[in-house]
Structure formats: structure tokens, C-alpha cells
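*Asks:* Here you go, this is coords.cif (mmCIF, C-alpha atoms).
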data_final
loop_
_atom_site.group_PDB
_atom_site.id
_atom_site.type_symbol
_atom_site.label_atom_id
_atom_site.label_comp_id
_atom_site.auth_asym_id
_atom_site.auth_seq_id
_atom_site.Cartn_x
_atom_site.Cartn_y
_atom_site.Cartn_z
ATOM 1 C CA MET B 1 131.142 91.561 111.956
ATOM 2 C CA ASN B 2 134.955 91.458 112.314
ATOM 3 C CA ALA B 3 135.110 89.192 115.361
ATOM 4 C CA GLU B 4 138.692 88.591 116.505
ATOM 5 C CA ARG B 5 140.249 85.107 116.295
ATOM 6 C CA ASP B 6 143.937 85.787 116.992
ATOM 7 C CA LEU B 7 144.685 84.872 120.619
ATOM 8 C CA THR B 8 147.390 87.512 121.098
ATOM 9 C CA ARG B 9 145.064 90.262 119.883
ATOM 10 C CA LEU B 10 142.179 88.843 121.912
ATOM 11 C CA LEU B 11 144.205 88.937 125.112
ATOM 12 C CA ALA B 12 145.634 92.390 124.397
ATOM 13 C CA GLY B 13 142.137 93.705 123.727
ATOM 14 C CA LEU B 14 140.303 92.132 126.678
ATOM 15 C CA ARG B 15 139.138 95.436 128.196
ATOM 16 C CA PRO B 16 137.456 93.668 131.137
ATOM 17 C CA GLU B 17 134.570 95.512 132.749
ATOM 18 C CA LEU B 18 133.013 94.641 136.112
ATOM 19 C CA ASP B 19 129.253 94.987 136.389
ATOM 20 C CA PRO B 20 128.318 96.463 139.790
ATOM 21 C CA GLY B 21 125.594 93.864 140.381
ATOM 22 C CA ARG B 22 125.532 90.612 142.303
ATOM 23 C CA TYR B 23 124.435 87.569 140.282
ATOM 24 C CA VAL B 24 123.240 84.141 141.364
ATOM 25 C CA PHE B 25 122.729 80.796 139.654
ATOM 26 C CA THR B 26 119.400 79.148 140.365
ATOM 27 C CA THR B 27 117.180 76.552 138.732
ATOM 28 C CA VAL B 28 113.448 76.239 138.129
ATOM 29 C CA ASP B 29 111.096 73.630 136.705
ATOM 30 C CA GLY B 30 109.387 75.067 133.664
ATOM 31 C CA PRO B 31 109.739 78.641 132.410
ATOM 32 C CA ALA B 32 111.373 81.522 134.282
ATOM 33 C CA PRO B 33 109.000 83.115 136.792
ATOM 34 C CA ALA B 34 107.385 86.390 135.765
ATOM 35 C CA GLY B 35 109.336 89.474 136.738
ATOM 36 C CA LEU B 36 112.771 87.949 136.288
ATOM 37 C CA ALA B 37 115.221 89.227 133.692
ATOM 38 C CA PRO B 38 117.828 86.439 133.420
ATOM 39 C CA VAL B 39 121.149 87.371 131.832
ATOM 40 C CA VAL B 40 121.747 83.687 131.071
ATOM 41 C CA THR B 41 119.453 80.690 130.706
ATOM 42 C CA VAL B 42 120.501 77.097 130.147
ATOM 43 C CA ALA B 43 117.969 74.352 129.494
ATOM 44 C CA GLU B 44 119.013 71.092 131.139
ATOM 45 C CA PRO B 45 117.072 67.856 131.634
ATOM 46 C CA GLU B 46 116.972 68.604 135.380
ATOM 47 C CA GLY B 47 115.494 72.094 134.971
ATOM 48 C CA LEU B 48 116.077 75.582 133.614
ATOM 49 C CA THR B 49 119.211 77.236 134.985
ATOM 50 C CA LEU B 50 118.871 80.982 135.402
ATOM 51 C CA VAL B 51 121.552 83.550 136.134
ATOM 52 C CA VAL B 52 119.798 86.559 137.613
ATOM 53 C CA ARG B 53 120.555 89.512 139.828
ATOM 54 C CA GLN B 54 120.538 88.486 143.468
ATOM 55 C CA GLU B 55 117.756 90.920 144.357
ATOM 56 C CA GLU B 56 115.507 89.369 141.689
ATOM 57 C CA ALA B 57 116.137 85.870 143.038
ATOM 58 C CA ASP B 58 115.434 87.051 146.572
ATOM 59 C CA ALA B 59 112.188 88.750 145.508
ATOM 60 C CA ALA B 60 111.070 85.537 143.764
ATOM 61 C CA SER B 61 112.166 83.367 146.750
ATOM 62 C CA LEU B 62 114.533 81.367 144.548
ATOM 63 C CA ALA B 63 117.246 79.303 146.210
ATOM 64 C CA TYR B 64 120.934 79.781 145.394
ATOM 65 C CA ASP B 65 124.260 79.163 147.064
ATOM 66 C CA TYR B 66 126.741 81.084 144.915
ATOM 67 C CA VAL B 67 126.912 84.861 144.549
ATOM 68 C CA ALA B 68 128.978 86.069 141.615
ATOM 69 C CA GLY B 69 130.351 89.203 140.091
ATOM 70 C CA ARG B 70 129.990 89.533 136.321
ATOM 71 C CA ILE B 71 132.979 90.596 134.241
ATOM 72 C CA THR B 72 132.463 91.281 130.552
ATOM 73 C CA LEU B 73 135.431 90.941 128.218
ATOM 74 C CA ARG B 74 134.716 93.775 125.819
ATOM 75 C CA VAL B 75 136.897 92.370 123.048
ATOM 76 C CA HIS B 76 134.656 91.074 120.239
ATOM 77 C CA SER B 77 135.758 87.458 120.188
ATOM 78 C CA ALA B 78 134.791 85.066 117.421
ATOM 79 C CA LEU B 79 132.790 82.095 118.610
ATOM 80 C CA ASP B 80 135.361 79.811 116.941
ATOM 81 C CA ALA B 81 138.393 81.569 118.441
ATOM 82 C CA VAL B 82 140.778 79.120 120.105
ATOM 83 C CA GLY B 83 142.405 79.631 123.501
ATOM 84 C CA LEU B 84 140.705 82.695 125.004
ATOM 85 C CA THR B 85 138.631 80.810 127.558
ATOM 86 C CA ALA B 86 141.608 78.647 128.508
ATOM 87 C CA ALA B 87 143.964 81.624 128.922
ATOM 88 C CA VAL B 88 141.514 83.587 131.038
ATOM 89 C CA ALA B 89 140.556 80.576 133.153
ATOM 90 C CA ARG B 90 144.240 79.734 133.727
ATOM 91 C CA GLU B 91 144.999 83.291 134.859
ATOM 92 C CA LEU B 92 142.180 83.170 137.386
ATOM 93 C CA ALA B 93 142.829 79.566 138.433
ATOM 94 C CA ASP B 94 146.456 80.408 139.209
ATOM 95 C CA ALA B 95 145.079 82.891 141.768
ATOM 96 C CA GLY B 96 142.642 80.324 143.181
ATOM 97 C CA LEU B 97 139.593 81.886 141.524
ATOM 98 C CA SER B 98 136.839 79.837 139.943
ATOM 99 C CA CYS B 99 135.297 81.167 136.765
ATOM 100 C CA ASN B 100 132.050 80.327 134.998
ATOM 101 C CA VAL B 101 132.274 81.508 131.386
ATOM 102 C CA VAL B 102 129.322 82.274 129.136
ATOM 103 C CA ALA B 103 129.948 83.152 125.506
ATOM 104 C CA GLY B 104 127.602 85.683 123.994
ATOM 105 C CA PHE B 105 127.534 86.554 120.302
ATOM 106 C CA HIS B 106 129.722 89.635 120.842
ATOM 107 C CA HIS B 107 131.488 89.119 124.163
ATOM 108 C CA ASP B 108 132.442 86.585 126.805
ATOM 109 C CA HIS B 109 131.031 87.012 130.300
ATOM 110 C CA LEU B 110 132.792 85.665 133.370
ATOM 111 C CA PHE B 111 131.021 84.934 136.621
ATOM 112 C CA VAL B 112 133.482 84.897 139.518
ATOM 113 C CA GLU B 113 133.108 84.835 143.286
ATOM 114 C CA HIS B 114 131.603 88.238 144.113
ATOM 115 C CA ALA B 115 133.888 88.835 147.092
ATOM 116 C CA ARG B 116 136.921 88.511 144.788
ATOM 117 C CA ALA B 117 135.530 90.152 141.638
ATOM 118 C CA GLU B 118 137.749 93.258 141.908
ATOM 119 C CA GLU B 119 140.788 90.983 142.253
ATOM 120 C CA ALA B 120 139.700 89.050 139.149
ATOM 121 C CA LEU B 121 139.256 92.310 137.244
ATOM 122 C CA ASP B 122 142.774 93.385 138.218
ATOM 123 C CA LEU B 123 144.248 90.038 137.132
ATOM 124 C CA LEU B 124 142.543 90.260 133.743
ATOM 125 C CA THR B 125 143.633 93.854 133.259
ATOM 126 C CA ARG B 126 147.232 92.833 133.942
ATOM 127 C CA LEU B 127 146.900 89.878 131.558
ATOM 128 C CA ALA B 128 145.820 92.282 128.815
ATOM 129 C CA GLU B 129 148.722 94.607 129.582
ATOM 130 C CA ARG B 130 151.240 91.731 129.450
ATOM 131 C CA SER B 131 149.749 90.773 126.092
ATOM 132 C CA GLY B 132 150.362 94.214 124.646
ATOM 133 C CA GLY B 133 147.077 95.904 125.416
ATOM 134 C CA ARG B 134 146.026 98.724 127.669
ATOM 135 C CA GLY B 135 143.635 96.548 129.657
ATOM 136 C CA GLU B 136 141.467 99.509 130.666
#
Before anything else, please render the file you have as C-alpha cells.
*Replies:*
Amino acid sequence: MNAERDLTRLLAGLRPELDPGRYVFTTVDGPAPAGLAPVVTVAEPEGLTLVVRQEEADAASLAYDYVAGRITLRVHSALDAVGLTAAVARELADAGLSCNVVAGFHHDHLFVEHARAEEALDLLTRLAERSGGRGE
């Protein structure tokens, strides 16, 4: 599966892509309500955390207080790669942007404040360019 481990190549190959949707973090007791298609679930002792599209949460009357944009890093990062999350988080933190990172098998997904998602995308594109990539 040729997942990348080299940090320089990871950063150069970020190819960040902004999903046009609005995502929210919510929590439920028990399983996810019918009709929801969570992009992330996390089982915690306090409940099941769901990351869903805002319109799905609204339709299900689920409470939330954070609306995020979702940026996918299209580089195929290895799950044991060292430094990618730190480098990306530092780039965004230096601009005053929070970042919630979820690692999928193939890609990393960043949830950032929706109102500043385009700014985050631009920062990540420039990070890739500085690292020798095209950013796209």
C-alpha cells in the first residue's frame, strides 16, 4: 500500500482539499440515530461522539457548539509516520487556528473553524509549496 513515512515528502505531497460541507461535533448516548451518516465516530465512556454534516445534526435535533470545515490531506500517510500532525498543527496554530485531526487509513482529515477554512487551506497549500510540493 506504499504509505509515505518521510516527513519532507509528506509535507511536499499534502495536496489539501476542502470539502464544501459544514461539520459539527455532537454526542449521543447509545448508537447513532437513524438517518445520520457520521464521517467520524469516537466511543467514549461519556457517550458516542459523532462528526456529521450540520444539516444532519439539525434535522436530528442534535446539539453542537462548533461548526467546522473539513480539509483532507490527500497524501497517503502511513499511520506510523512521525511529525505530520505536529507540522500541520504548528502551521495552523501559528495563525491562531485550532485543528482537530482524525487519521483515516489512507488520509488525515482536519476539522478547522468553518469561517476560517479557506485560510487554513491556503496555509497548508503554502506549507506544501515550501516543502517542495505543488500544494494544489
*Asks:* Residue by residue, what does the PyMOL selection byres ((chain B and resi 128) around 10) grab here? Present the result as a list in words.
*Replies:* Thr8, Arg9, Leu10, Leu11, Ala12, Gly13, Leu14, Arg15, Pro16, Val88, Asp122, Leu123, Leu124, Thr125, Arg126, Leu127, Glu129, Arg130, Ser131, Gly132, Gly133, Arg134, Gly135 and Glu136 of chain B
*Asks:* If we count all atoms listed in the file, what is near Ala37 (chain B) at a cut-off of 10 Å, once residues fewer than 5 positions away on the same chain are taken out, given as a VMD selection string?
*Replies:* chain B and resid 32 50 to 53 56 to 57
*Asks:* Nearest residue to Arg74 (chain B) out of B:Pro31, B:Asp19, B:Asp108, B:Arg116, using all atoms listed in the file?
*Replies:*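 Answer, going by the shortest atom-to-atom distance: B:Asp108.
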*Asks:* So, counting all atoms listed in the file, which residue among B:Val24, B:Val40, B:Leu121, B:Leu84 is closest to Asp65 (chain B)?
*Replies:*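 Distance minimum relative to Asp65 (chain B) lands on B:Val24.
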*Asks:* Excluding Gly104 (chain B) and its own-chain neighbours fewer than 2 positions away, which residues fall within 10 Å of it when counting all atoms listed in the file? Please give them as a VMD selection string.
*Replies:* chain B and resid 40 72 76 to 79 101 to 102 106 to 109
*Asks:* Could you tell me how far CA of Asp58 (chain B) lies from CA of Thr26 (chain B), in Å and to one decimal?
*Replies:* 10.8 Å
*Asks:* Mind working out the centre and edge lengths of an axis-aligned box for region 20-29 of chain B, all listed atoms inside, 4 Å added to each side, rounded to one decimal in Å and written as JSON?
*Replies:*
{"center_x": 119.7, "center_y": 85.0, "center_z": 139.5, "size_x": 25.2, "size_y": 30.8, "size_z": 13.6}
*Asks:* How far is it from CA of Ala81 (chain B) to CA of Cys99 (chain B), in Å with one decimal?
*Replies:*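 Rounded to one decimal, the two atoms are 18.6 Å apart.
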*Asks:* For Pro33 (chain B), which residue among B:Ala60, B:Leu7, B:Glu17, B:Gln54 is the nearest when counting only C-alpha atoms?
*Replies:*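 Selected residue with least distance to Pro33 (chain B): B:Ala60.
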*Asks:* Let me know the residues the PyMOL selection byres ((chain B and resi 47) around 12) catches in the file above, as a PyMOL selection string.
*Replies:* chain B and resi 26-32+41-46+48-50
*Asks:* Of the candidates B:Leu97, B:Ala87, B:Ala103, B:Ala68, which shows the shortest atom-to-atom distance to Glu119 (chain B), using all atoms listed in the file?
*Replies:*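 Nearest candidate to Glu119 (chain B) out of B:Leu97, B:Ala87, B:Ala103, B:Ala68: B:Leu97.
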*Asks:* When you count all atoms listed in the file, which of these residues is closest to Gly83 (chain B): B:Glu55, B:Leu36, B:Glu4, B:Ile71?
*Replies:*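 Closest residue, counting all atoms listed in the file: B:Glu4.
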*Asks:* May I ask you to restore all heavy atoms in region 113-124 of chain B and write the result as a JSON list (two decimals), in the frame of the given file?
*Replies:*
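Printed below is rebuild_29.json as written:
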[["chain", "number", "residue", "atom", "x", "y", "z"],
["B", 113, "GLU", "N", 133.54, 84.59, 141.91],
["B", 113, "GLU", "CA", 133.11, 84.84, 143.29],
["B", 113, "GLU", "C", 133.01, 86.34, 143.54],
["B", 113, "GLU", "O", 133.98, 87.08, 143.33],
["B", 113, "GLU", "CB", 134.11, 84.19, 144.25],
["B", 113, "GLU", "CG", 133.78, 84.37, 145.70],
["B", 113, "GLU", "CD", 134.86, 83.81, 146.61],
["B", 113, "GLU", "OE1", 135.74, 83.08, 146.13],
["B", 113, "GLU", "OE2", 134.80, 84.13, 147.80],
["B", 114, "HIS", "N", 131.83, 86.80, 143.97],
["B", 114, "HIS", "CA", 131.60, 88.24, 144.11],
["B", 114, "HIS", "C", 132.62, 88.90, 145.03],
["B", 114, "HIS", "O", 133.10, 90.00, 144.74],
["B", 114, "HIS", "CB", 130.17, 88.52, 144.61],
["B", 114, "HIS", "CG", 129.85, 89.97, 144.61],
["B", 114, "HIS", "ND1", 130.06, 90.77, 145.70],
["B", 114, "HIS", "CD2", 129.38, 90.76, 143.62],
["B", 114, "HIS", "CE1", 129.71, 92.00, 145.39],
["B", 114, "HIS", "NE2", 129.29, 92.03, 144.14],
["B", 115, "ALA", "N", 132.95, 88.25, 146.12],
["B", 115, "ALA", "CA", 133.89, 88.84, 147.09],
["B", 115, "ALA", "C", 135.28, 89.07, 146.49],
["B", 115, "ALA", "O", 136.04, 89.88, 147.01],
["B", 115, "ALA", "CB", 133.99, 87.94, 148.33],
["B", 116, "ARG", "N", 135.60, 88.38, 145.40],
["B", 116, "ARG", "CA", 136.92, 88.51, 144.79],
["B", 116, "ARG", "C", 136.84, 89.07, 143.36],
["B", 116, "ARG", "O", 137.82, 89.00, 142.61],
["B", 116, "ARG", "CB", 137.62, 87.15, 144.79],
["B", 116, "ARG", "CG", 137.87, 86.64, 146.22],
["B", 116, "ARG", "CD", 138.64, 85.35, 146.23],
["B", 116, "ARG", "NE", 139.99, 85.53, 145.72],
["B", 116, "ARG", "CZ", 140.80, 84.50, 145.42],
["B", 116, "ARG", "NH1", 140.39, 83.26, 145.57],
["B", 116, "ARG", "NH2", 142.01, 84.73, 144.95],
["B", 117, "ALA", "N", 135.72, 89.67, 143.00],
["B", 117, "ALA", "CA", 135.53, 90.15, 141.64],
["B", 117, "ALA", "C", 136.51, 91.27, 141.27],
["B", 117, "ALA", "O", 137.02, 91.30, 140.15],
["B", 117, "ALA", "CB", 134.09, 90.62, 141.44],
["B", 118, "GLU", "N", 136.78, 92.18, 142.19],
["B", 118, "GLU", "CA", 137.75, 93.26, 141.91],
["B", 118, "GLU", "C", 139.14, 92.67, 141.66],
["B", 118, "GLU", "O", 139.87, 93.13, 140.78],
["B", 118, "GLU", "CB", 137.79, 94.26, 143.05],
["B", 118, "GLU", "CG", 136.55, 95.12, 143.18],
["B", 118, "GLU", "CD", 136.46, 96.22, 142.13],
["B", 118, "GLU", "OE1", 137.46, 96.49, 141.43],
["B", 118, "GLU", "OE2", 135.37, 96.81, 142.02],
["B", 119, "GLU", "N", 139.51, 91.66, 142.44],
["B", 119, "GLU", "CA", 140.79, 90.98, 142.25],
["B", 119, "GLU", "C", 140.84, 90.34, 140.87],
["B", 119, "GLU", "O", 141.86, 90.43, 140.16],
["B", 119, "GLU", "CB", 140.98, 89.93, 143.34],
["B", 119, "GLU", "CG", 142.25, 89.12, 143.21],
["B", 119, "GLU", "CD", 142.33, 87.99, 144.22],
["B", 119, "GLU", "OE1", 141.45, 87.86, 145.09],
["B", 119, "GLU", "OE2", 143.30, 87.21, 144.12],
["B", 120, "ALA", "N", 139.76, 89.68, 140.47],
["B", 120, "ALA", "CA", 139.70, 89.05, 139.15],
["B", 120, "ALA", "C", 139.83, 90.10, 138.05],
["B", 120, "ALA", "O", 140.55, 89.90, 137.07],
["B", 120, "ALA", "CB", 138.40, 88.28, 138.99],
["B", 121, "LEU", "N", 139.17, 91.22, 138.22],
["B", 121, "LEU", "CA", 139.26, 92.31, 137.24],
["B", 121, "LEU", "C", 140.70, 92.79, 137.11],
["B", 121, "LEU", "O", 141.20, 92.98, 136.00],
["B", 121, "LEU", "CB", 138.35, 93.46, 137.66],
["B", 121, "LEU", "CG", 138.32, 94.66, 136.73],
["B", 121, "LEU", "CD1", 137.69, 94.29, 135.39],
["B", 121, "LEU", "CD2", 137.57, 95.81, 137.39],
["B", 122, "ASP", "N", 141.37, 92.95, 138.23],
["B", 122, "ASP", "CA", 142.77, 93.38, 138.22],
["B", 122, "ASP", "C", 143.67, 92.36, 137.51],
["B", 122, "ASP", "O", 144.53, 92.72, 136.70],
["B", 122, "ASP", "CB", 143.27, 93.62, 139.65],
["B", 122, "ASP", "CG", 144.68, 94.15, 139.69],
["B", 122, "ASP", "OD1", 144.96, 95.19, 139.06],
["B", 122, "ASP", "OD2", 145.53, 93.52, 140.36],
["B", 123, "LEU", "N", 143.46, 91.09, 137.79],
["B", 123, "LEU", "CA", 144.25, 90.04, 137.13],
["B", 123, "LEU", "C", 144.06, 90.06, 135.62],
["B", 123, "LEU", "O", 145.01, 89.93, 134.85],
["B", 123, "LEU", "CB", 143.86, 88.66, 137.68],
["B", 123, "LEU", "CG", 144.31, 88.36, 139.10],
["B", 123, "LEU", "CD1", 143.58, 87.14, 139.64],
["B", 123, "LEU", "CD2", 145.81, 88.15, 139.15],
["B", 124, "LEU", "N", 142.82, 90.24, 135.18],
["B", 124, "LEU", "CA", 142.54, 90.26, 133.74],
["B", 124, "LEU", "C", 143.09, 91.52, 133.08],
["B", 124, "LEU", "O", 143.58, 91.46, 131.94],
["B", 124, "LEU", "CB", 141.04, 90.14, 133.51],
["B", 124, "LEU", "CG", 140.43, 88.81, 133.96],
["B", 124, "LEU", "CD1", 138.92, 88.86, 133.91],
["B", 124, "LEU", "CD2", 140.99, 87.65, 133.15]]
